[in-house]
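Data file: entry39.txt. Format and content: compact mmCIF, C-alpha atoms.
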```
# COMPACT_ATOMS: atom_id res chain seq x y z
CA MET W 1 217.94 309.32 155.83
CA SER W 2 221.08 311.16 154.80
CA LEU W 3 221.31 313.81 152.07
CA LYS W 4 223.25 311.37 149.87
CA GLN W 5 220.53 308.75 150.21
CA ILE W 6 217.83 311.27 149.32
CA ASN W 7 219.86 312.33 146.29
CA ASP W 8 220.33 308.71 145.20
CA LEU W 9 216.60 308.05 145.62
CA LEU W 10 215.67 311.09 143.52
CA GLN W 11 218.16 310.06 140.85
CA THR W 12 216.70 306.55 140.78
CA ILE W 13 213.18 307.92 140.44
CA LEU W 14 214.22 310.30 137.66
CA GLU W 15 215.95 307.50 135.79
CA ASN W 16 212.72 305.49 135.78
CA ASN W 17 211.16 305.51 132.30
CA ILE W 18 207.60 305.93 133.55
CA THR W 19 208.62 308.88 135.72
CA GLN W 20 210.41 310.56 132.82
CA LEU W 21 207.39 309.97 130.62
CA LEU W 22 205.04 311.54 133.16
CA ILE W 23 207.29 314.53 133.77
CA GLY W 24 207.87 315.05 130.04
CA GLY W 25 204.16 314.76 129.30
CA PHE W 26 203.35 317.25 132.04
CA VAL W 27 205.91 319.75 130.71
CA ILE W 28 204.63 319.40 127.13
CA PHE W 29 201.04 319.85 128.36
CA ILE W 30 201.95 323.03 130.29
CA VAL W 31 203.82 324.47 127.30
CA ALA W 32 200.91 323.68 124.95
CA VAL W 33 198.35 325.29 127.28
CA PHE W 34 200.61 328.33 127.70
CA LEU W 35 201.02 328.76 123.92
CA GLN W 36 197.27 328.38 123.36
CA ARG W 37 196.57 331.08 125.93
CA VAL W 38 199.19 333.37 124.39
CA VAL W 39 197.60 332.90 120.96
CA ARG W 40 194.13 333.67 122.32
CA SER W 41 195.36 336.66 124.33
CA VAL W 42 197.26 338.23 121.42
CA LEU W 43 194.76 337.60 118.63
CA SER W 44 191.67 338.51 120.67
CA ARG W 45 193.13 341.97 121.28
CA THR W 46 194.27 342.72 117.75
CA THR W 47 192.52 345.43 115.75
CA LEU W 48 193.61 344.00 112.38
CA MET W 49 190.77 341.45 112.35
CA ASP W 50 187.16 341.46 113.48
CA GLY W 51 185.92 339.17 116.22
CA LYS W 52 184.86 336.29 113.97
CA GLU W 53 188.11 336.34 112.00
CA SER W 54 190.24 336.29 115.14
CA ASP W 55 188.12 333.49 116.67
CA THR W 56 188.62 331.43 113.51
CA ILE W 57 192.40 331.95 113.45
CA ILE W 58 192.57 331.20 117.19
CA SER W 59 190.63 327.96 116.65
CA LEU W 60 192.99 326.84 113.87
CA LEU W 61 196.23 327.75 115.68
CA GLN W 62 195.13 326.13 118.93
CA SER W 63 194.35 322.95 117.01
CA VAL W 64 197.80 323.05 115.36
CA ILE W 65 199.47 323.51 118.78
CA LYS W 66 197.52 320.54 120.15
CA TYR W 67 198.60 318.25 117.31
CA ILE W 68 202.25 319.38 117.55
CA ALA W 69 202.18 318.70 121.30
CA VAL W 70 200.81 315.19 120.74
CA LEU W 71 203.44 314.49 118.07
CA GLY W 72 206.19 315.88 120.32
CA PHE W 73 205.06 313.68 123.19
CA LEU W 74 205.06 310.65 120.88
CA PHE W 75 208.68 311.27 119.82
CA PHE W 76 209.66 311.96 123.43
CA ALA W 77 208.09 308.69 124.55
CA LEU W 78 210.00 306.79 121.86
CA SER W 79 213.29 308.34 122.99
CA VAL W 80 212.56 307.57 126.67
CA PHE W 81 212.21 303.88 125.88
CA GLY W 82 215.56 303.79 124.08
CA LEU W 83 214.60 304.38 120.46
CA ASP W 84 216.88 306.83 118.64
CA VAL W 85 214.34 309.04 116.93
CA GLY W 86 217.05 311.02 115.13
CA SER W 87 218.52 307.90 113.60
CA MET W 88 215.09 306.68 112.62
CA LEU W 89 214.35 309.90 110.79
CA ALA W 90 217.79 309.96 109.18
CA GLY W 91 217.67 306.31 108.15
CA ALA W 92 214.14 306.04 106.81
CA GLY W 93 213.83 309.60 105.62
CA VAL W 94 211.45 312.23 106.96
CA LEU W 95 209.07 311.78 104.05
CA GLY W 96 208.94 308.03 104.58
CA ILE W 97 208.12 308.45 108.28
CA ILE W 98 205.38 310.95 107.46
CA ILE W 99 203.82 308.62 104.90
CA GLY W 100 204.23 305.73 107.33
CA PHE W 101 202.12 307.55 109.88
CA GLY W 102 199.43 308.12 107.29
CA ALA W 103 200.09 311.85 107.27
CA GLN W 104 199.24 312.38 103.62
CA SER W 105 195.62 312.97 104.60
CA LEU W 106 196.77 315.15 107.50
CA VAL W 107 198.74 317.37 105.13
CA GLN W 108 195.75 317.53 102.78
CA ASP W 109 193.42 318.47 105.65
CA LEU W 110 195.86 321.08 106.97
CA LEU W 111 196.29 322.76 103.58
CA ALA W 112 192.53 322.68 102.99
CA GLY W 113 191.96 324.23 106.42
CA LEU W 114 194.48 326.97 105.71
CA PHE W 115 192.80 327.79 102.39
CA ILE W 116 189.36 327.82 104.04
CA VAL W 117 190.59 330.36 106.59
CA TYR W 118 192.67 332.40 104.11
CA GLU W 119 189.87 332.67 101.55
CA LYS W 120 187.33 333.38 104.33
CA GLN W 121 184.94 330.74 103.01
CA LEU W 122 183.60 330.45 106.54
CA GLN W 123 184.39 331.68 110.03
CA LYS W 124 183.61 330.54 113.52
CA GLY W 125 179.98 331.34 114.32
CA ASP W 126 178.79 331.38 110.68
CA TRP W 127 175.66 329.50 109.64
CA VAL W 128 176.70 327.32 106.71
CA ILE W 129 175.69 324.42 104.50
CA VAL W 130 178.69 322.18 103.75
CA ASN W 131 178.74 319.86 100.74
CA GLU W 132 175.04 320.64 100.17
CA LYS W 133 174.28 318.26 103.04
CA HIS W 134 175.40 319.40 106.49
CA GLU W 135 173.83 322.60 107.84
CA GLY W 136 174.62 324.38 111.08
CA VAL W 137 176.81 326.86 112.95
CA VAL W 138 180.59 326.62 112.60
CA GLU W 139 181.80 325.45 116.00
CA GLU W 140 185.50 324.99 115.26
CA VAL W 141 187.94 325.23 112.36
CA GLY W 142 190.63 322.77 113.39
CA PHE W 143 193.97 321.47 112.13
CA ARG W 144 192.26 318.71 110.16
CA VAL W 145 188.56 318.78 111.07
CA LEU W 146 185.76 321.29 110.59
CA LYS W 147 183.06 321.03 113.25
CA ILE W 148 179.56 322.41 112.81
CA ARG W 149 176.62 322.21 115.19
CA ASP W 150 173.30 321.52 113.49
CA TRP W 151 169.83 322.69 114.54
CA SER W 152 169.43 319.78 116.96
CA ALA W 153 172.76 320.77 118.63
CA THR W 154 174.54 317.69 117.26
CA ILE W 155 178.22 318.22 116.40
CA ILE W 156 179.12 317.17 112.85
CA SER W 157 182.84 316.67 112.09
CA ILE W 158 184.06 316.91 108.49
CA ASN W 159 187.67 316.52 107.37
CA ASN W 160 188.88 319.80 105.87
CA GLY W 161 190.06 317.96 102.76
CA GLN W 162 186.53 316.64 102.16
CA VAL W 163 184.93 320.09 102.04
CA THR W 164 183.93 320.61 98.42
CA SER W 165 181.28 323.33 98.70
CA VAL W 166 180.29 325.91 101.30
CA GLU W 167 177.09 327.97 101.38
CA ASN W 168 177.62 330.77 103.90
CA PHE W 169 174.63 332.65 105.30
CA ASN W 170 176.85 335.14 107.16
CA LYS W 171 178.53 337.37 104.63
CA SER W 172 177.46 340.85 105.76
CA LYS W 173 174.08 340.77 104.02
CA MET W 174 171.28 338.39 103.09
CA ARG W 175 168.27 338.85 100.83
CA VAL W 176 164.92 337.72 102.20
CA LEU W 177 162.81 336.34 99.35
CA GLU W 178 159.22 335.43 100.09
CA ARG W 179 156.88 333.96 97.48
CA VAL W 180 153.13 334.17 98.02
CA THR W 181 150.75 332.03 95.97
CA VAL W 182 147.08 332.99 95.95
CA SER W 183 143.99 331.61 94.27
CA TYR W 184 143.26 332.29 90.58
CA TYR W 185 140.02 333.91 91.74
CA GLU W 186 141.78 336.80 93.51
CA ASP W 187 142.14 340.14 91.71
CA PRO W 188 145.88 340.68 90.98
CA THR W 189 145.53 344.44 91.43
CA LYS W 190 144.05 343.98 94.88
CA VAL W 191 146.73 341.46 95.86
CA LEU W 192 149.52 343.80 94.70
CA HIS W 193 148.11 346.65 96.80
CA ILE W 194 147.93 344.37 99.86
CA LEU W 195 151.53 343.22 99.34
CA GLU W 196 152.65 346.85 99.11
CA ASP W 197 151.07 347.42 102.52
CA VAL W 198 152.85 344.27 103.71
CA CYS W 199 156.21 345.66 102.57
CA ALA W 200 155.54 348.98 104.25
CA GLU W 201 154.85 347.24 107.58
CA ILE W 202 157.89 344.97 107.22
CA ASN W 203 160.14 347.95 106.50
CA HIS W 204 158.79 349.67 109.59
CA GLU W 205 159.07 346.57 111.78
CA LEU W 206 162.58 345.68 110.59
CA ARG W 207 163.91 349.22 110.14
CA ASP W 208 166.83 348.54 112.48
CA TYR W 209 167.82 345.34 110.66
CA LEU W 210 167.68 346.45 107.03
CA LYS W 211 171.07 346.63 105.33
CA GLN W 212 172.06 350.29 105.19
CA ASN W 213 174.51 352.35 103.15
CA ILE W 214 177.05 354.81 104.57
CA SER W 215 174.37 357.51 104.79
CA GLY W 216 172.12 355.29 106.92
CA GLN W 217 169.52 354.64 104.21
CA PRO W 218 168.27 351.11 103.43
CA VAL W 219 170.17 349.63 100.51
CA GLU W 220 167.22 347.52 99.40
CA PRO W 221 164.04 347.90 101.46
CA PHE W 222 161.29 345.33 101.11
CA SER W 223 159.32 345.79 97.89
CA VAL W 224 156.95 343.86 95.64
CA LEU W 225 158.75 342.47 92.60
CA GLY W 226 155.51 341.51 90.93
CA VAL W 227 154.03 338.26 89.63
CA ASP W 228 156.61 335.50 89.75
CA SER W 229 154.44 332.83 88.12
CA VAL W 230 150.99 332.81 86.53
CA ASN W 231 150.64 329.06 87.07
CA ASP W 232 152.42 327.99 90.24
CA GLN W 233 152.07 324.19 90.14
CA HIS W 234 148.52 324.57 88.80
CA GLN W 235 147.47 326.24 92.06
CA GLY W 236 147.38 329.99 91.48
CA TYR W 237 149.30 333.20 90.82
CA ARG W 238 152.59 333.57 92.65
CA TYR W 239 153.91 336.94 93.79
CA ILE W 240 157.35 337.72 95.17
CA ILE W 241 158.67 340.31 97.61
CA SER W 242 162.25 340.83 98.73
CA GLY W 243 164.45 342.94 100.99
CA LEU W 244 168.10 343.10 102.02
CA VAL W 245 168.90 342.60 105.71
CA GLY W 246 171.98 342.08 107.86
CA ASP W 247 173.28 338.54 108.00
CA LEU W 248 173.25 338.16 111.79
CA ASN W 249 169.46 338.37 112.12
CA TYR W 250 168.46 336.85 108.80
CA PHE W 251 166.39 333.93 110.08
CA GLY W 252 164.51 336.02 112.64
CA ASN W 253 163.80 338.70 110.04
CA ALA W 254 162.52 336.12 107.57
CA ARG W 255 160.11 334.73 110.18
CA THR W 256 158.87 338.24 110.99
CA ALA W 257 158.25 338.91 107.29
CA ARG W 258 156.25 335.69 106.92
CA THR W 259 154.17 336.50 109.99
CA ILE W 260 153.26 339.93 108.60
CA ILE W 261 152.38 338.41 105.23
CA ALA W 262 150.11 335.81 106.86
CA LYS W 263 148.44 338.48 109.00
CA HIS W 264 147.58 340.65 105.98
CA MET W 265 146.39 337.68 103.92
CA TYR W 266 144.02 336.70 106.71
CA LYS W 267 142.81 340.24 107.45
CA ASN W 268 141.95 340.85 103.79
CA GLN W 269 140.40 337.38 103.40
CA ILE W 270 142.65 336.51 100.47
CA ARG W 271 141.92 333.02 99.23
CA MET W 272 145.00 330.81 99.14
CA PRO W 273 145.29 327.85 96.74
CA HIS W 274 144.15 324.45 97.91
CA GLN W 275 144.01 321.00 96.44
CA ALA W 276 140.61 320.48 94.86
CA VAL W 277 138.84 317.18 95.45
CA HIS W 278 137.01 315.86 92.40
CA ILE W 279 134.29 313.24 92.92
CA THR W 280 133.53 311.24 89.79
CA ASP W 281 130.34 309.37 89.02
CA MET W 282 132.17 306.11 89.70
CA ASP W 283 133.26 307.38 93.16
CA GLN W 284 129.66 308.34 93.95
CA HIS W 285 128.44 304.92 92.82
CA ASN W 286 131.04 303.13 94.97
CA GLY W 287 130.07 305.27 97.94
CA GLN W 288 126.54 304.14 97.63
```
Full structure transcribed into structure tokens:
Amino acid sequence: MSLKQINDLLQTILENNITQLLIGGFVIFIVAVFLQRVVRSVLSRTTLMDGKESDTIISLLQSVIKYIAVLGFLFFALSVFGLDVGSMLAGAGVLGIIIGFGAQSLVQDLLAGLFIVYEKQLQKGDWVIVNEKHEGVVEEVGFRVLKIRDWSATIISINNGQVTSVENFNKSKMRVLERVTVSYYEDPTKVLHILEDVCAEINHELRDYLKQNISGQPVEPFSVLGVDSVNDQHQGYRYIISGLVGDLNYFGNARTARTIIAKHMYKNQIRMPHQAVHITDMDQHNGQ
């Protein structure tokens, strides 16, 4: 085969629509992957943001790059098959094309996502409750979708524009509040002394996790706040203790506090409330 024949063959292959589509798609894919890696490389090394902030921005920008690449490939494919994209945009108007593709919701989701990131309502890795319904760890803040992974490891996707409320458990500090209800027959003075011992042990056990000020002292160590209710659902007196801990270990610290409370209640034989069973004369008669 001569050089001219090889050249003609290559030209024929390159003029084939499918070949152009494959080559164009491959180039767009490589550029998108390259830009995503550049974004991750630059933002992961910056000192202007902490790790969670940079991860969130990286997640959003990578999602934007992905959507732009898909849109670019779509326009490229239309041009390969003979459609004049420029004329289409000029004739119908850019706004009309955007609305035609149903991009109103996309714009809404994008703006909502930008505000979520800008206002730091949540960041990648935060434990959140969204719309008072979906609870889990933020997996991804995307161009149009927020993804959270719940306790069962299921991924829940929510359009950014549909996010109406966010409860964030990872905002530097969290207060552990534990309420303890005991029987009416227990001496309140005795119970308060026991709960003070409970707080002392919790403060010792969680000394490395308590929220501290600049001098290294606990901002709010665990303490007894007193009687929270004298008639907790007709079961007994309710006491409350609280302490301020770091957000990253909140759930583990709360479990440790409950374990120490249960241990002291058992050791001191404190009677907890229970549902009383009343047997009437009619019940006794029916039992006979």
Would you pick out the contacts of W:Pro273 at 7 Å or less, using all atoms listed in the file, so that residues sharing its chain but fewer than 2 positions from it are not included, and give the list as an NGL selection string? :W and (181-183 or 235-236 or 271 or 275)
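The shortest atom-to-atom distance to W:Leu110, with only C-alpha atoms taken into account, belongs to W:Tyr67 out of W:Tyr266, W:Tyr67, W:Phe76, W:Trp127.
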Between atom CA of W:Leu74 and atom CA of W:Leu106, distance in Å (one decimal): 16.4 Å
All residues 8 Å or closer to W:Asp109, all atoms listed in the file, same chain fewer than 4 positions away omitted, as a PDB file with C-alpha atoms, in the coordinates of the input:
```
ATOM      1  CA  SER W 105     195.620 312.970 104.600  1.00  0.00           C
ATOM      2  CA  GLY W 113     191.960 324.230 106.420  1.00  0.00           C
ATOM      3  CA  PHE W 143     193.970 321.470 112.130  1.00  0.00           C
ATOM      4  CA  ARG W 144     192.260 318.710 110.160  1.00  0.00           C
ATOM      5  CA  VAL W 145     188.560 318.780 111.070  1.00  0.00           C
ATOM      6  CA  ASN W 159     187.670 316.520 107.370  1.00  0.00           C
ATOM      7  CA  ASN W 160     188.880 319.800 105.870  1.00  0.00           C
ATOM      8  CA  GLY W 161     190.060 317.960 102.760  1.00  0.00           C
ATOM      9  CA  GLN W 162     186.530 316.640 102.160  1.00  0.00           C
TER      10      GLN W 162
END
```
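For the atom pair formed by atom CA of W:Ser242 and atom CA of W:Glu220, the distance is 8.4 Å, given to one decimal.
Each of W:Asp247, W:Val180, W:Gly252, W:Ile23 was compared to W:Leu225 using all atoms listed in the file, and W:Val180 turns out to be the nearest.
What separates atom CA of W:Cys199 from atom CA of W:Lys171 is a distance of 23.9 Å.
With only C-alpha atoms as the basis for measurement, W:Leu22 is the residue among W:Ile58, W:Met174, W:Val191, W:Leu22 that approaches W:Ala77 most closely.
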Residue among W:Ile194, W:Leu78, W:Ile65, W:Arg179 lying closest to W:Ser229, counting all atoms listed in the file: W:Arg179
If I only want stretch 135-249 of chain W, can you write it with C-alpha atoms, as a PDB file, in the first residue's frame?
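The resulting part_24.pdb:
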```pdb
ATOM      1  CA  GLU W 135     -30.150  11.830  58.106  1.00  0.00           C
ATOM      2  CA  GLY W 136     -26.609  10.775  57.286  1.00  0.00           C
ATOM      3  CA  VAL W 137     -23.091  11.791  56.264  1.00  0.00           C
ATOM      4  CA  VAL W 138     -22.638  14.219  53.369  1.00  0.00           C
ATOM      5  CA  GLU W 139     -21.102  12.139  50.601  1.00  0.00           C
ATOM      6  CA  GLU W 140     -21.074  14.694  47.784  1.00  0.00           C
ATOM      7  CA  VAL W 141     -22.165  18.271  47.090  1.00  0.00           C
ATOM      8  CA  GLY W 142     -22.743  18.206  43.347  1.00  0.00           C
ATOM      9  CA  PHE W 143     -23.748  20.575  40.557  1.00  0.00           C
ATOM     10  CA  ARG W 144     -27.428  19.803  41.100  1.00  0.00           C
ATOM     11  CA  VAL W 145     -27.645  16.968  43.640  1.00  0.00           C
ATOM     12  CA  LEU W 146     -26.700  16.613  47.296  1.00  0.00           C
ATOM     13  CA  LYS W 147     -25.836  13.036  48.257  1.00  0.00           C
ATOM     14  CA  ILE W 148     -25.877  11.779  51.828  1.00  0.00           C
ATOM     15  CA  ARG W 149     -25.201   8.278  53.119  1.00  0.00           C
ATOM     16  CA  ASP W 150     -27.524   7.174  55.903  1.00  0.00           C
ATOM     17  CA  TRP W 151     -26.781   4.829  58.802  1.00  0.00           C
ATOM     18  CA  SER W 152     -27.526   1.751  56.675  1.00  0.00           C
ATOM     19  CA  ALA W 153     -24.986   3.002  54.060  1.00  0.00           C
ATOM     20  CA  THR W 154     -27.742   3.802  51.551  1.00  0.00           C
ATOM     21  CA  ILE W 155     -27.053   6.821  49.325  1.00  0.00           C
ATOM     22  CA  ILE W 156     -29.860   9.400  49.357  1.00  0.00           C
ATOM     23  CA  SER W 157     -29.863  11.972  46.517  1.00  0.00           C
ATOM     24  CA  ILE W 158     -31.665  15.286  47.010  1.00  0.00           C
ATOM     25  CA  ASN W 159     -31.844  18.088  44.444  1.00  0.00           C
ATOM     26  CA  ASN W 160     -30.065  21.163  45.810  1.00  0.00           C
ATOM     27  CA  GLY W 161     -33.121  23.286  45.046  1.00  0.00           C
ATOM     28  CA  GLN W 162     -35.272  21.048  47.251  1.00  0.00           C
ATOM     29  CA  VAL W 163     -33.140  21.536  50.365  1.00  0.00           C
ATOM     30  CA  THR W 164     -35.249  23.649  52.713  1.00  0.00           C
ATOM     31  CA  SER W 165     -33.644  22.929  56.090  1.00  0.00           C
ATOM     32  CA  VAL W 166     -30.315  21.572  57.293  1.00  0.00           C
ATOM     33  CA  GLU W 167     -29.454  20.404  60.805  1.00  0.00           C
ATOM     34  CA  ASN W 168     -25.672  20.093  60.994  1.00  0.00           C
ATOM     35  CA  PHE W 169     -24.062  18.068  63.778  1.00  0.00           C
ATOM     36  CA  ASN W 170     -20.536  19.110  62.742  1.00  0.00           C
ATOM     37  CA  LYS W 171     -20.075  22.766  63.562  1.00  0.00           C
ATOM     38  CA  SER W 172     -17.019  22.724  65.830  1.00  0.00           C
ATOM     39  CA  LYS W 173     -18.932  21.861  69.002  1.00  0.00           C
ATOM     40  CA  MET W 174     -21.927  19.862  70.201  1.00  0.00           C
ATOM     41  CA  ARG W 175     -23.680  19.791  73.560  1.00  0.00           C
ATOM     42  CA  VAL W 176     -24.416  16.374  75.033  1.00  0.00           C
ATOM     43  CA  LEU W 177     -27.711  16.516  76.928  1.00  0.00           C
ATOM     44  CA  GLU W 178     -28.742  13.481  78.928  1.00  0.00           C
ATOM     45  CA  ARG W 179     -31.994  13.289  80.869  1.00  0.00           C
ATOM     46  CA  VAL W 180     -32.346  10.737  83.654  1.00  0.00           C
ATOM     47  CA  THR W 181     -35.768   9.865  85.069  1.00  0.00           C
ATOM     48  CA  VAL W 182     -35.902   8.045  88.399  1.00  0.00           C
ATOM     49  CA  SER W 183     -38.674   6.799  90.625  1.00  0.00           C
ATOM     50  CA  TYR W 184     -40.643   9.172  92.880  1.00  0.00           C
ATOM     51  CA  TYR W 185     -39.438   7.062  95.802  1.00  0.00           C
ATOM     52  CA  GLU W 186     -35.779   8.053  95.361  1.00  0.00           C
ATOM     53  CA  ASP W 187     -34.340  10.843  97.521  1.00  0.00           C
ATOM     54  CA  PRO W 188     -33.545  13.815  95.208  1.00  0.00           C
ATOM     55  CA  THR W 189     -30.540  14.798  97.325  1.00  0.00           C
ATOM     56  CA  LYS W 190     -29.060  11.331  96.971  1.00  0.00           C
ATOM     57  CA  VAL W 191     -29.712  11.267  93.217  1.00  0.00           C
ATOM     58  CA  LEU W 192     -28.065  14.682  92.750  1.00  0.00           C
ATOM     59  CA  HIS W 193     -24.940  13.515  94.604  1.00  0.00           C
ATOM     60  CA  ILE W 194     -24.764  10.391  92.418  1.00  0.00           C
ATOM     61  CA  LEU W 195     -25.134  12.462  89.239  1.00  0.00           C
ATOM     62  CA  GLU W 196     -22.323  14.740  90.403  1.00  0.00           C
ATOM     63  CA  ASP W 197     -20.116  11.656  90.689  1.00  0.00           C
ATOM     64  CA  VAL W 198     -21.317  10.648  87.217  1.00  0.00           C
ATOM     65  CA  CYS W 199     -20.239  14.020  85.799  1.00  0.00           C
ATOM     66  CA  ALA W 200     -16.854  13.778  87.484  1.00  0.00           C
ATOM     67  CA  GLU W 201     -16.224  10.371  85.883  1.00  0.00           C
ATOM     68  CA  ILE W 202     -17.460  11.545  82.475  1.00  0.00           C
ATOM     69  CA  ASN W 203     -15.174  14.589  82.608  1.00  0.00           C
ATOM     70  CA  HIS W 204     -12.257  12.321  83.445  1.00  0.00           C
ATOM     71  CA  GLU W 205     -13.134   9.743  80.780  1.00  0.00           C
ATOM     72  CA  LEU W 206     -13.753  12.329  78.046  1.00  0.00           C
ATOM     73  CA  ARG W 207     -11.097  14.855  79.092  1.00  0.00           C
ATOM     74  CA  ASP W 208      -9.474  14.725  75.645  1.00  0.00           C
ATOM     75  CA  TYR W 209     -12.775  15.308  73.840  1.00  0.00           C
ATOM     76  CA  LEU W 210     -14.258  18.179  75.847  1.00  0.00           C
ATOM     77  CA  LYS W 211     -14.429  21.466  73.963  1.00  0.00           C
ATOM     78  CA  GLN W 212     -11.554  23.614  75.211  1.00  0.00           C
ATOM     79  CA  ASN W 213     -10.748  27.328  75.167  1.00  0.00           C
ATOM     80  CA  ILE W 214      -7.444  28.854  74.032  1.00  0.00           C
ATOM     81  CA  SER W 215      -5.901  28.157  77.447  1.00  0.00           C
ATOM     82  CA  GLY W 216      -6.730  24.446  77.209  1.00  0.00           C
ATOM     83  CA  GLN W 217      -9.499  24.497  79.828  1.00  0.00           C
ATOM     84  CA  PRO W 218     -12.908  22.876  79.182  1.00  0.00           C
ATOM     85  CA  VAL W 219     -15.413  25.448  77.990  1.00  0.00           C
ATOM     86  CA  GLU W 220     -18.345  23.603  79.516  1.00  0.00           C
ATOM     87  CA  PRO W 221     -17.486  20.408  81.407  1.00  0.00           C
ATOM     88  CA  PHE W 222     -20.251  17.965  82.261  1.00  0.00           C
ATOM     89  CA  SER W 223     -22.367  19.183  85.172  1.00  0.00           C
ATOM     90  CA  VAL W 224     -25.756  18.541  86.763  1.00  0.00           C
ATOM     91  CA  LEU W 225     -28.283  21.174  85.741  1.00  0.00           C
ATOM     92  CA  GLY W 226     -30.786  19.993  88.312  1.00  0.00           C
ATOM     93  CA  VAL W 227     -34.360  18.702  88.174  1.00  0.00           C
ATOM     94  CA  ASP W 228     -35.759  19.081  84.681  1.00  0.00           C
ATOM     95  CA  SER W 229     -39.254  17.836  85.500  1.00  0.00           C
ATOM     96  CA  VAL W 230     -41.053  16.846  88.699  1.00  0.00           C
ATOM     97  CA  ASN W 231     -43.591  14.767  86.771  1.00  0.00           C
ATOM     98  CA  ASP W 232     -42.001  13.223  83.695  1.00  0.00           C
ATOM     99  CA  GLN W 233     -44.971  11.568  81.964  1.00  0.00           C
ATOM    100  CA  HIS W 234     -46.328  10.508  85.366  1.00  0.00           C
ATOM    101  CA  GLN W 235     -43.278   8.281  85.884  1.00  0.00           C
ATOM    102  CA  GLY W 236     -40.867  10.122  88.167  1.00  0.00           C
ATOM    103  CA  TYR W 237     -38.451  13.013  88.657  1.00  0.00           C
ATOM    104  CA  ARG W 238     -36.288  13.885  85.678  1.00  0.00           C
ATOM    105  CA  TYR W 239     -32.759  15.227  86.061  1.00  0.00           C
ATOM    106  CA  ILE W 240     -30.536  16.656  83.349  1.00  0.00           C
ATOM    107  CA  ILE W 241     -26.777  16.807  82.844  1.00  0.00           C
ATOM    108  CA  SER W 242     -24.879  18.391  79.980  1.00  0.00           C
ATOM    109  CA  GLY W 243     -21.396  19.001  78.616  1.00  0.00           C
ATOM    110  CA  LEU W 244     -19.803  20.562  75.538  1.00  0.00           C
ATOM    111  CA  VAL W 245     -17.678  18.294  73.332  1.00  0.00           C
ATOM    112  CA  GLY W 246     -16.024  18.457  69.930  1.00  0.00           C
ATOM    113  CA  ASP W 247     -18.284  17.734  66.985  1.00  0.00           C
ATOM    114  CA  LEU W 248     -16.199  14.943  65.440  1.00  0.00           C
ATOM    115  CA  ASN W 249     -16.687  12.517  68.337  1.00  0.00           C
TER     116      ASN W 249
END
```
